[in-house]
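> Below is the file data.tsv, which contains TSV, C-alpha atoms.
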chain	number	residue	atom	x	y	z
A	1	MET	CA	-8.60	22.44	4.87
A	2	ARG	CA	-7.25	19.02	3.95
A	3	ARG	CA	-6.20	18.40	0.38
A	4	LEU	CA	-5.27	15.47	-1.82
A	5	TRP	CA	-2.08	15.71	-3.80
A	6	VAL	CA	-0.90	12.58	-5.55
A	7	LEU	CA	2.72	11.92	-6.41
A	8	PHE	CA	2.02	10.12	-9.64
A	9	LEU	CA	-0.10	13.05	-10.82
A	10	LEU	CA	2.79	15.46	-10.60
A	11	SER	CA	3.93	16.68	-14.01
A	12	VAL	CA	7.53	15.76	-14.64
A	13	ILE	CA	9.44	18.33	-16.67
A	14	ILE	CA	12.91	17.44	-17.92
A	15	GLU	CA	14.80	20.70	-17.81
A	16	ALA	CA	18.20	19.53	-19.04
A	17	SER	CA	18.96	19.76	-22.74
A	18	GLY	CA	19.75	16.80	-24.95
A	19	SER	CA	18.21	13.35	-25.12
A	20	ARG	CA	16.40	11.79	-22.15
A	21	ALA	CA	18.86	8.89	-22.14
A	22	CYS	CA	21.78	11.26	-21.58
A	23	ALA	CA	20.25	13.95	-19.37
A	24	GLN	CA	17.48	13.05	-16.94
A	25	LEU	CA	18.08	15.74	-14.31
A	26	PRO	CA	17.06	18.08	-12.83
A	27	LEU	CA	13.42	17.13	-12.46
A	28	ARG	CA	10.73	19.61	-11.52
A	29	PHE	CA	7.36	18.58	-10.12
A	30	ASP	CA	4.25	20.68	-10.58
A	31	GLU	CA	1.68	20.19	-7.84
A	32	GLN	CA	-1.83	19.42	-9.11
A	33	LEU	CA	-4.80	19.74	-6.75
A	34	VAL	CA	-7.27	16.89	-7.18
A	35	MET	CA	-9.66	17.73	-4.33
A	36	ASP	CA	-9.72	19.58	-1.03
A	37	GLY	CA	-12.17	19.62	1.86
A	38	TYR	CA	-11.22	16.21	3.20
A	39	SER	CA	-11.99	15.40	6.82
A	40	TYR	CA	-9.52	12.51	7.26
A	41	SER	CA	-7.96	11.07	4.13
A	42	PHE	CA	-6.11	7.85	4.90
A	43	GLY	CA	-6.27	5.63	1.85
A	44	ILE	CA	-5.49	6.09	-1.83
A	45	ALA	CA	-4.92	3.87	-4.87
A	46	THR	CA	-4.76	4.08	-8.67
A	47	ALA	CA	-6.01	1.90	-11.52
A	48	ASP	CA	-7.82	2.21	-14.83
A	49	LEU	CA	-11.33	1.89	-13.41
A	50	ASP	CA	-13.22	2.84	-16.56
A	51	GLY	CA	-11.06	0.96	-19.06
A	52	ASP	CA	-10.09	3.99	-21.14
A	53	GLY	CA	-6.33	3.45	-20.89
A	54	ASP	CA	-5.36	5.98	-18.22
A	55	LEU	CA	-4.97	5.88	-14.45
A	56	ASP	CA	-7.88	6.94	-12.29
A	57	ILE	CA	-7.71	7.46	-8.51
A	58	THR	CA	-9.63	6.08	-5.56
A	59	SER	CA	-9.57	7.89	-2.23
A	60	ALA	CA	-11.19	7.34	1.16
A	61	ASP	CA	-12.48	10.21	3.29
A	62	ALA	CA	-13.14	8.97	6.82
A	63	LEU	CA	-14.86	10.58	9.79
A	64	PRO	CA	-17.00	12.63	9.61
A	65	ASN	CA	-17.49	12.60	5.81
A	66	ASN	CA	-17.47	8.78	5.58
A	67	ASP	CA	-17.17	8.66	1.78
A	68	LEU	CA	-15.24	6.72	-0.85
A	69	TYR	CA	-14.48	8.50	-4.11
A	70	TRP	CA	-13.05	7.73	-7.48
A	71	PHE	CA	-11.61	10.41	-9.70
A	72	GLU	CA	-11.97	9.95	-13.44
A	73	ASN	CA	-8.89	10.91	-15.44
A	74	ASN	CA	-9.72	12.70	-18.69
A	75	GLY	CA	-6.43	11.52	-20.19
A	76	GLN	CA	-4.65	14.80	-19.51
A	77	GLY	CA	-4.30	14.61	-15.74
A	78	ARG	CA	-7.55	16.42	-14.95
A	79	PHE	CA	-10.04	14.64	-12.75
A	80	GLN	CA	-13.78	14.44	-12.18
A	81	LYS	CA	-15.04	13.22	-8.81
A	82	HIS	CA	-17.50	10.33	-8.54
A	83	PHE	CA	-18.82	8.57	-5.46
A	84	ILE	CA	-18.29	4.86	-4.90
A	85	GLN	CA	-19.96	5.06	-1.49
A	86	LYS	CA	-21.51	7.74	0.71
A	87	ASP	CA	-22.09	7.95	4.47
A	88	ASP	CA	-20.43	4.68	5.55
A	89	PRO	CA	-19.16	5.54	9.07
A	90	GLU	CA	-16.31	4.31	11.26
A	91	ARG	CA	-13.33	5.04	9.04
A	92	LEU	CA	-13.16	3.84	5.48
A	93	GLU	CA	-9.40	3.89	5.03
A	94	ARG	CA	-6.73	1.88	3.21
A	95	HIS	CA	-7.87	-0.17	0.24
A	96	ALA	CA	-6.77	-2.18	-2.79
A	97	ILE	CA	-8.08	-2.57	-6.33
A	98	GLY	CA	-8.64	-5.81	-8.24
A	99	ASP	CA	-11.22	-7.84	-10.15
A	100	ILE	CA	-12.89	-9.67	-7.27
A	101	ASP	CA	-15.74	-11.27	-9.23
A	102	LYS	CA	-13.77	-11.91	-12.46
A	103	ASP	CA	-16.14	-9.93	-14.65
A	104	GLY	CA	-13.35	-7.94	-16.30
A	105	HIS	CA	-13.91	-4.78	-14.22
A	106	LEU	CA	-11.76	-3.56	-11.34
A	107	ASP	CA	-13.43	-3.53	-7.93
A	108	VAL	CA	-12.36	-1.97	-4.61
A	109	VAL	CA	-11.66	-3.81	-1.34
A	110	ILE	CA	-11.50	-1.56	1.72
A	111	VAL	CA	-11.26	-1.70	5.52
A	112	LYS	CA	-13.58	0.00	7.99
A	113	ASN	CA	-11.02	0.63	10.65
A	114	LEU	CA	-12.83	1.21	13.93
A	115	VAL	CA	-15.80	-1.06	13.44
A	116	GLY	CA	-13.65	-3.94	12.12
A	117	ASP	CA	-15.35	-4.60	8.79
A	118	LEU	CA	-13.88	-5.59	5.44
A	119	LEU	CA	-15.91	-4.61	2.37
A	120	TRP	CA	-15.77	-4.79	-1.39
A	121	PHE	CA	-17.49	-2.53	-3.89
A	122	ARG	CA	-18.42	-3.89	-7.31
A	123	ASN	CA	-17.56	-1.98	-10.46
A	124	SER	CA	-20.49	-2.56	-12.83
A	125	GLY	CA	-18.44	-1.62	-15.87
A	126	LYS	CA	-20.11	1.78	-15.94
A	127	PRO	CA	-18.46	3.38	-12.93
A	128	ALA	CA	-19.33	6.94	-13.98
A	129	ASP	CA	-23.07	6.37	-14.35
A	130	GLY	CA	-23.89	8.31	-11.17
A	131	GLU	CA	-24.91	5.26	-9.17
A	132	LEU	CA	-23.17	4.15	-6.00
A	133	TRP	CA	-21.25	0.92	-6.42
A	134	LYS	CA	-22.89	-2.17	-4.98
A	135	ARG	CA	-21.57	-2.92	-1.49
A	136	TYR	CA	-20.65	-6.41	-0.28
A	137	VAL	CA	-19.45	-7.49	3.16
A	138	ILE	CA	-16.44	-9.83	3.34
A	139	ASN	CA	-16.34	-9.68	7.13
A	140	SER	CA	-18.45	-7.92	9.74
A	141	LYS	CA	-16.87	-6.77	13.02
A	142	LYS	CA	-14.48	-9.73	13.28
A	143	ILE	CA	-11.25	-7.80	12.73
A	144	PRO	CA	-11.36	-4.75	15.02
A	145	GLY	CA	-8.83	-2.18	13.90
A	146	ALA	CA	-8.91	-3.39	10.29
A	147	TYR	CA	-6.02	-1.41	8.81
A	148	ASP	CA	-4.43	-2.57	5.56
A	149	VAL	CA	-5.30	-5.01	2.77
A	150	ALA	CA	-3.45	-6.96	0.08
A	151	LEU	CA	-5.09	-8.84	-2.79
A	152	GLY	CA	-3.76	-12.05	-4.28
A	153	ASP	CA	-4.64	-15.61	-5.22
A	154	TYR	CA	-3.13	-17.16	-2.12
A	155	ASP	CA	-4.68	-20.61	-2.51
A	156	GLY	CA	-4.06	-20.90	-6.26
A	157	ASP	CA	-7.69	-21.44	-7.26
A	158	GLY	CA	-7.83	-18.62	-9.80
A	159	ASP	CA	-9.60	-15.84	-7.89
A	160	LEU	CA	-8.45	-12.99	-5.66
A	161	ASP	CA	-8.35	-13.53	-1.92
A	162	VAL	CA	-7.74	-10.79	0.65
A	163	ALA	CA	-5.12	-10.49	3.40
A	164	ALA	CA	-5.47	-7.86	6.12
A	165	SER	CA	-3.76	-6.36	9.15
A	166	THR	CA	-5.66	-5.17	12.21
A	167	TRP	CA	-3.66	-2.34	13.83
A	168	ARG	CA	-3.56	-2.00	17.61
A	169	LEU	CA	-7.13	-3.17	18.18
A	170	GLY	CA	-6.65	-6.64	16.71
A	171	LYS	CA	-2.86	-7.18	16.46
A	172	THR	CA	-3.27	-9.89	13.83
A	173	PHE	CA	-2.61	-10.76	10.22
A	174	VAL	CA	-5.51	-12.67	8.66
A	175	TRP	CA	-6.67	-13.76	5.22
A	176	PHE	CA	-10.08	-14.29	3.68
A	177	GLU	CA	-10.78	-16.95	1.08
A	178	ASN	CA	-12.70	-16.04	-2.06
A	179	ASP	CA	-14.46	-19.32	-2.93
A	180	GLY	CA	-15.52	-18.11	-6.37
A	181	SER	CA	-18.82	-16.63	-5.21
A	182	PRO	CA	-17.62	-13.40	-3.56
A	183	ALA	CA	-21.07	-11.78	-3.52
A	184	ASP	CA	-22.71	-14.65	-1.62
A	185	GLY	CA	-22.23	-13.76	2.01
A	186	HIS	CA	-19.23	-13.54	4.30
A	187	TRP	CA	-15.89	-15.05	3.33
A	188	LYS	CA	-14.10	-17.60	5.46
A	189	MET	CA	-11.43	-16.00	7.65
A	190	ARG	CA	-8.17	-17.71	8.56
A	191	LEU	CA	-5.50	-16.52	10.99
A	192	ILE	CA	-1.98	-15.96	9.70
A	193	ASP	CA	-0.42	-14.70	12.94
A	194	GLN	CA	-1.40	-13.22	16.29
A	195	LEU	CA	1.12	-10.70	17.58
A	196	ALA	CA	1.51	-8.82	20.85
A	197	THR	CA	1.58	-5.37	19.25
A	198	GLU	CA	-0.15	-3.49	16.45
A	199	THR	CA	0.14	-4.77	12.90
A	200	ARG	CA	0.48	-2.24	10.08
A	201	MET	CA	1.49	-2.98	6.49
A	202	ILE	CA	0.51	-6.13	4.61
A	203	ARG	CA	1.81	-6.82	1.06
A	204	ALA	CA	1.80	-9.84	-1.25
A	205	ALA	CA	4.55	-11.12	-3.56
A	206	ASP	CA	6.48	-14.30	-4.38
A	207	ILE	CA	9.39	-13.70	-2.00
A	208	ASP	CA	11.06	-17.09	-2.35
A	209	GLY	CA	10.50	-17.63	-6.07
A	210	ASP	CA	8.43	-20.81	-5.71
A	211	LYS	CA	5.51	-19.55	-7.82
A	212	ASP	CA	3.03	-18.81	-5.04
A	213	LEU	CA	2.24	-15.62	-3.17
A	214	ASP	CA	3.85	-14.95	0.18
A	215	LEU	CA	3.07	-12.04	2.50
A	216	VAL	CA	5.19	-9.27	4.03
A	217	GLY	CA	4.05	-7.34	7.09
A	218	THR	CA	5.14	-4.92	9.79
A	219	ALA	CA	4.41	-4.56	13.49
A	220	ARG	CA	5.35	-1.02	14.51
A	221	GLN	CA	5.85	-1.33	18.25
A	222	ALA	CA	7.37	-4.81	18.32
A	223	PRO	CA	9.40	-3.81	16.24
A	224	LEU	CA	9.09	-6.37	13.45
A	225	VAL	CA	9.42	-6.64	9.70
A	226	VAL	CA	8.39	-10.15	8.71
A	227	TRP	CA	7.50	-12.32	5.76
A	228	TYR	CA	5.19	-15.33	5.78
A	229	GLU	CA	6.04	-18.22	3.50
A	230	ASN	CA	3.06	-19.75	1.73
A	231	ASN	CA	3.27	-23.53	2.22
A	232	LYS	CA	0.41	-25.74	1.11
A	233	ASN	CA	-0.33	-28.94	3.02
A	234	ASP	CA	-3.25	-31.14	1.92
A	235	GLY	CA	-4.81	-28.17	0.18
A	236	GLN	CA	-4.51	-25.86	3.20
A	237	ILE	CA	-2.07	-22.97	3.57
A	238	GLU	CA	0.40	-23.05	6.41
A	239	TRP	CA	2.10	-19.68	6.79
A	240	LYS	CA	5.70	-20.01	7.99
A	241	LYS	CA	7.07	-16.90	9.66
A	242	HIS	CA	10.50	-15.48	8.77
A	243	VAL	CA	12.00	-12.36	10.37
A	244	ILE	CA	13.45	-9.70	8.08
A	245	ASP	CA	14.29	-7.23	10.87
A	246	ASP	CA	13.38	-7.21	14.56
A	247	THR	CA	15.71	-4.49	15.81
A	248	SER	CA	15.06	-1.30	13.82
A	249	PRO	CA	12.46	0.85	15.62
A	250	GLN	CA	9.01	1.70	14.32
A	251	PRO	CA	8.67	-0.03	10.90
A	252	LEU	CA	5.64	1.20	9.00
A	253	HIS	CA	4.93	1.06	5.27
A	254	GLY	CA	6.91	0.12	2.19
A	255	GLN	CA	6.96	-1.68	-1.13
A	256	ILE	CA	8.25	-4.99	-2.40
A	257	VAL	CA	10.58	-4.40	-5.36
A	258	ASP	CA	13.83	-5.69	-6.88
A	259	MET	CA	16.10	-2.87	-5.73
A	260	ASP	CA	19.43	-4.32	-6.92
A	261	ALA	CA	18.31	-5.95	-10.20
A	262	ASP	CA	19.45	-9.41	-9.15
A	263	GLY	CA	16.16	-11.12	-9.97
A	264	ASP	CA	14.69	-11.48	-6.49
A	265	LEU	CA	12.37	-9.23	-4.53
A	266	ASP	CA	13.70	-6.84	-1.90
A	267	LEU	CA	11.79	-4.48	0.38
A	268	VAL	CA	11.90	-0.68	0.68
A	269	MET	CA	10.60	0.60	4.01
A	270	SER	CA	9.91	3.69	6.12
A	271	LEU	CA	10.87	3.64	9.80
A	272	GLY	CA	9.77	6.23	12.32
A	273	MET	CA	6.52	8.20	12.05
A	274	THR	CA	8.13	10.53	14.66
A	275	PHE	CA	7.86	7.76	17.29
A	276	THR	CA	11.54	6.78	17.56
A	277	GLY	CA	12.54	9.91	19.47
A	278	LYS	CA	15.83	10.24	17.57
A	279	PRO	CA	16.34	11.83	14.15
A	280	SER	CA	19.00	9.24	13.34
A	281	THR	CA	16.44	6.42	13.56
A	282	GLU	CA	13.77	8.17	11.49
A	283	GLN	CA	14.81	6.43	8.30
A	284	VAL	CA	14.11	5.31	4.78
A	285	VAL	CA	15.80	1.96	4.15
A	286	TRP	CA	15.75	-1.11	1.97
A	287	TYR	CA	16.20	-4.75	2.91
A	288	GLU	CA	18.19	-7.01	0.60
A	289	ASN	CA	16.87	-10.44	-0.35
A	290	ASP	CA	20.06	-12.37	-1.16
A	291	GLY	CA	18.21	-15.23	-2.83
A	292	GLN	CA	17.88	-17.16	0.43
A	293	PRO	CA	15.14	-15.14	2.15
A	294	ALA	CA	14.38	-17.79	4.78
A	295	GLN	CA	17.96	-17.92	6.06
A	296	GLY	CA	17.85	-15.28	8.78
A	297	ALA	CA	17.46	-11.52	8.89
A	298	TRP	CA	17.92	-9.53	5.69
A	299	LYS	CA	20.69	-6.96	5.34
A	300	LYS	CA	19.43	-3.41	5.83
A	301	HIS	CA	20.73	-0.60	3.62
A	302	LEU	CA	20.26	3.03	4.57
A	303	ILE	CA	18.71	5.35	2.01
A	304	ALA	CA	18.28	8.30	4.38
A	305	ASP	CA	18.23	9.06	8.09
A	306	GLY	CA	17.00	12.18	9.82
A	307	TYR	CA	13.83	11.94	7.74
A	308	THR	CA	11.58	12.76	10.68
A	309	GLY	CA	8.09	11.33	10.41
A	310	SER	CA	9.07	8.75	7.78
A	311	PHE	CA	5.79	6.97	7.08
A	312	GLU	CA	5.49	5.29	3.68
A	313	ALA	CA	8.07	4.46	1.01
A	314	CYS	CA	7.48	3.38	-2.56
A	315	ALA	CA	9.76	2.74	-5.51
A	316	ALA	CA	9.93	3.66	-9.20
A	317	ASP	CA	12.44	4.82	-11.78
A	318	MET	CA	11.77	8.51	-11.30
A	319	ASP	CA	14.53	9.87	-13.52
A	320	GLY	CA	14.46	7.34	-16.36
A	321	ASP	CA	18.00	6.05	-15.84
A	322	LYS	CA	17.04	2.36	-15.58
A	323	ASP	CA	17.44	1.96	-11.82
A	324	VAL	CA	14.96	2.09	-8.94
A	325	ASP	CA	14.54	5.34	-7.04
A	326	VAL	CA	12.46	5.76	-3.88
A	327	VAL	CA	9.74	8.21	-2.84
A	328	ALA	CA	8.74	8.64	0.80
A	329	THR	CA	6.15	10.58	2.76
A	330	ALA	CA	6.62	11.92	6.28
A	331	TRP	CA	3.92	12.06	8.94
A	332	GLY	CA	3.32	15.14	11.06
A	333	LYS	CA	1.72	18.55	11.26
A	334	ASP	CA	3.79	19.93	8.40
A	335	GLY	CA	4.22	16.72	6.42
A	336	LYS	CA	6.96	16.07	3.90
A	337	LEU	CA	7.47	14.44	0.53
A	338	ALA	CA	10.82	13.61	-1.03
A	339	TRP	CA	12.32	11.41	-3.68
A	340	PHE	CA	15.63	9.69	-3.23
A	341	GLU	CA	17.84	9.32	-6.27
A	342	ASN	CA	19.58	6.00	-6.81
A	343	THR	CA	22.97	7.10	-8.12
A	344	GLY	CA	23.80	3.67	-9.53
A	345	GLU	CA	24.82	1.68	-6.45
A	346	PRO	CA	21.71	1.16	-4.29
A	347	ARG	CA	23.71	0.12	-1.24
A	348	LYS	CA	25.11	3.66	-0.79
A	349	ASN	CA	25.22	7.27	-1.98
A	350	TRP	CA	21.53	8.08	-2.26
A	351	LYS	CA	20.67	11.71	-3.02
A	352	GLN	CA	17.60	13.30	-1.44
A	353	HIS	CA	15.35	15.72	-3.35
A	354	THR	CA	12.60	17.36	-1.28
A	355	LEU	CA	9.43	18.30	-3.12
Could I get this structure in the form of structure tokens?


Amino acid sequence: MRRLWVLFLLSVIIEASGSRACAQLPLRFDEQLVMDGYSYSFGIATADLDGDGDLDITSADALPNNDLYWFENNGQGRFQKHFIQKDDPERLERHAIGDIDKDGHLDVVIVKNLVGDLLWFRNSGKPADGELWKRYVINSKKIPGAYDVALGDYDGDGDLDVAASTWRLGKTFVWFENDGSPADGHWKMRLIDQLATETRMIRAADIDGDKDLDLVGTARQAPLVVWYENNKNDGQIEWKKHVIDDTSPQPLHGQIVDMDADGDLDLVMSLGMTFTGKPSTEQVVWYENDGQPAQGAWKKHLIADGYTGSFEACAADMDGDKDVDVVATAWGKDGKLAWFENTGEPRKNWKQHTL
């Protein structure tokens, strides 16, 4: 029976004596079951969907259940399930949360993987009223393999656009323009890049510090970690491609974050998913942005190797010591979850803690 456990729902208990500033370790994590009975859970996000000041959860449950849920947080880490959508086949999966129609309520944008649709569901402001959220189609069947999404105002017009990757069926990165009337029919699609192999992660951030949103993506089989510079020419976006890494095998999912506190955005990344064939190349790493991100490949720093199945890495200050730690999942029959302690110098000496 498949279950949903969420890292940020784990209760952190500081077991050392003294003040938090002086003694952050050891940490213990208590596992909290949110829901079981999933058929294929491949998409999760958090946000305050009901505006009550705490984090709720969204989660997709693909074939054969074909549902999209949100879990209402009662303020004490206990959750009530609600349906956003029921019986929407062909793999509702990865998704992102943002205010698409600028009504002050957070909506959900989600891919339908196999059929190639991109949808958004409108939060009415009363998300727990028992009604399904209203469903809108951004794109219908034009991006086969629709896999990942990233929200951002790419064209600078004040509303949220959507970027997407298209896995092994489409092998593209694309973006969809929100023209200010997101509920009025399909959005205009524009190609960012057509690759020869499957595209996986897509994330948005201002990589070069020029006040607009760039994109970071991965292509697992290429292998390729890449960022696309947002350049505007006569009101149109021209995406300029820059390689971060094209040698490390099987890049998958990560997070854009300032790992070394130098004021620019770096990238933490999982490599592997069991596909590399060597434990030494199943890795958690981070790539250093030296302030000149367009000047060649970024320096890769090893956080851990031998982390077989390494699938998705994210970053946060887990132990409250003012630096960025990393959490990573591992793909496979048994699965794995670990956090990696930044001991003060992020370029070396990471300490792994398996949960």

> As an exercise, work out the distance from atom CA of A:Asp206 to atom CA of A:Trp120 in Å and give it to one decimal place.

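Separating atom CA of A:Asp206 from atom CA of A:Trp120 is a distance of 24.4 Å.
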
> Using only C-alpha atoms, can you tell me which of A:Pro89, A:Gly77, A:Gly170, A:Pro26 comes closest to A:Tyr147?

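Comparing A:Pro89, A:Gly77, A:Gly170, A:Pro26 against A:Tyr147, the winner is A:Gly170.
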
> To one decimal place in Å, what is the distance between atom CA of A:Leu267 and atom CA of A:Pro223?

16.1 Å

> Find the residues around A:Asp61 up to 9 Å (only C-alpha atoms counted), leave out those fewer than 2 positions away in its own chain, and share them as a PDB file with C-alpha atoms, in the frame of the given file.


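Okay, result35.pdb is ready:
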ATOM      1  CA  TYR A  38     -11.220  16.210   3.200  1.00  0.00           C
ATOM      2  CA  SER A  39     -11.990  15.400   6.820  1.00  0.00           C
ATOM      3  CA  TYR A  40      -9.520  12.510   7.260  1.00  0.00           C
ATOM      4  CA  SER A  41      -7.960  11.070   4.130  1.00  0.00           C
ATOM      5  CA  PHE A  42      -6.110   7.850   4.900  1.00  0.00           C
ATOM      6  CA  GLY A  43      -6.270   5.630   1.850  1.00  0.00           C
ATOM      7  CA  SER A  59      -9.570   7.890  -2.230  1.00  0.00           C
ATOM      8  CA  LEU A  63     -14.860  10.580   9.790  1.00  0.00           C
ATOM      9  CA  PRO A  64     -17.000  12.630   9.610  1.00  0.00           C
ATOM     10  CA  ASN A  65     -17.490  12.600   5.810  1.00  0.00           C
ATOM     11  CA  ASN A  66     -17.470   8.780   5.580  1.00  0.00           C
ATOM     12  CA  ASP A  67     -17.170   8.660   1.780  1.00  0.00           C
ATOM     13  CA  LEU A  68     -15.240   6.720  -0.850  1.00  0.00           C
ATOM     14  CA  TYR A  69     -14.480   8.500  -4.110  1.00  0.00           C
ATOM     15  CA  ARG A  91     -13.330   5.040   9.040  1.00  0.00           C
ATOM     16  CA  LEU A  92     -13.160   3.840   5.480  1.00  0.00           C
ATOM     17  CA  GLU A  93      -9.400   3.890   5.030  1.00  0.00           C
TER      18      GLU A  93
END

> Suppose you want the space between atom CA of A:Asp193 and atom CA of A:Gly272; what is it in Å?

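These atoms are spaced 23.3 Å apart.
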
> Find the residues around A:Ile237 up to 10 Å (all atoms listed in the file counted), leave out those fewer than 3 positions away in its own chain, and share them as a ChimeraX atom specification.

/A:154-155,190,192,229-234,240

> Please determine, counting all atoms listed in the file, which residue among A:Ala128, A:Leu27, A:Val326, A:Ile207 has the shortest atom-to-atom distance to A:Asp264.

A:Ile207

> Just checking: using all atoms listed in the file, which residue out of A:Pro127, A:Gly254, A:Pro182, A:Gly116 ends up closest to A:Glu312?

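The answer is A:Gly254, which sits nearest to A:Glu312.
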
> Please build the interface table for stretch 65-153 of chain A against stretch 209-216 of chain A with a cut-off of 9 Å, listing for each qualifying residue the nearest atom pair and the distance in Å to one decimal; count all atoms listed in the file, order rows by chain and increasing number, and write it as JSON lines.


{"residue": "A:Ala150", "atom": "CA", "partner": "A:Leu215", "partner_atom": "CA", "distance": 8.6}
{"residue": "A:Gly152", "atom": "CA", "partner": "A:Leu213", "partner_atom": "CA", "distance": 7.1}
{"residue": "A:Asp153", "atom": "CA", "partner": "A:Leu213", "partner_atom": "CA", "distance": 7.2}

> Give me, as a PyMOL selection string, all polymer residues having an atom no more than 12 Å from A:Gly104, counting all atoms listed in the file and skipping those fewer than 6 positions away in the same chain.

chain A and resi 48-51+98+122-126

> Please return, as a ChimeraX atom specification, all polymer residues that have at least one atom within 6 Å of the point (-17.8, -14.8, -8.9); use all atoms listed in the file and the file's own coordinate frame.

/A:101,180-182

> Skip A:His186 itself and residues of its chain fewer than 2 positions away, then list as a list in words all residues within 8 Å of it, counting only C-alpha atoms.

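So the residues in contact are Val137, Ile138, Asn139, Ser140, Asp184 and Lys188 of chain A.
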
> So, counting all atoms listed in the file, which residue among A:Pro279, A:Gly217, A:Pro346, A:Gly145 is closest to A:Ala261?

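Looking only at the distances to A:Ala261, the closest residue turns out to be A:Pro346.
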
> Do a neighbour search on stretch 157-165 of chain A at 8 Å with all atoms listed in the file, toss out local chain neighbours closer than 4 positions, and write the hits as a PyMOL selection string.

chain A and resi 98-102+146-153+171-180+199-202

> Extending 8 Å beyond the listed atoms of stretch 263-266 of chain A on each side, what axis-aligned box results? I want centre and edge lengths in Å to one decimal, as JSON.


{"center_x": 14.3, "center_y": -9.2, "center_z": -5.9, "size_x": 19.8, "size_y": 20.6, "size_z": 24.1}
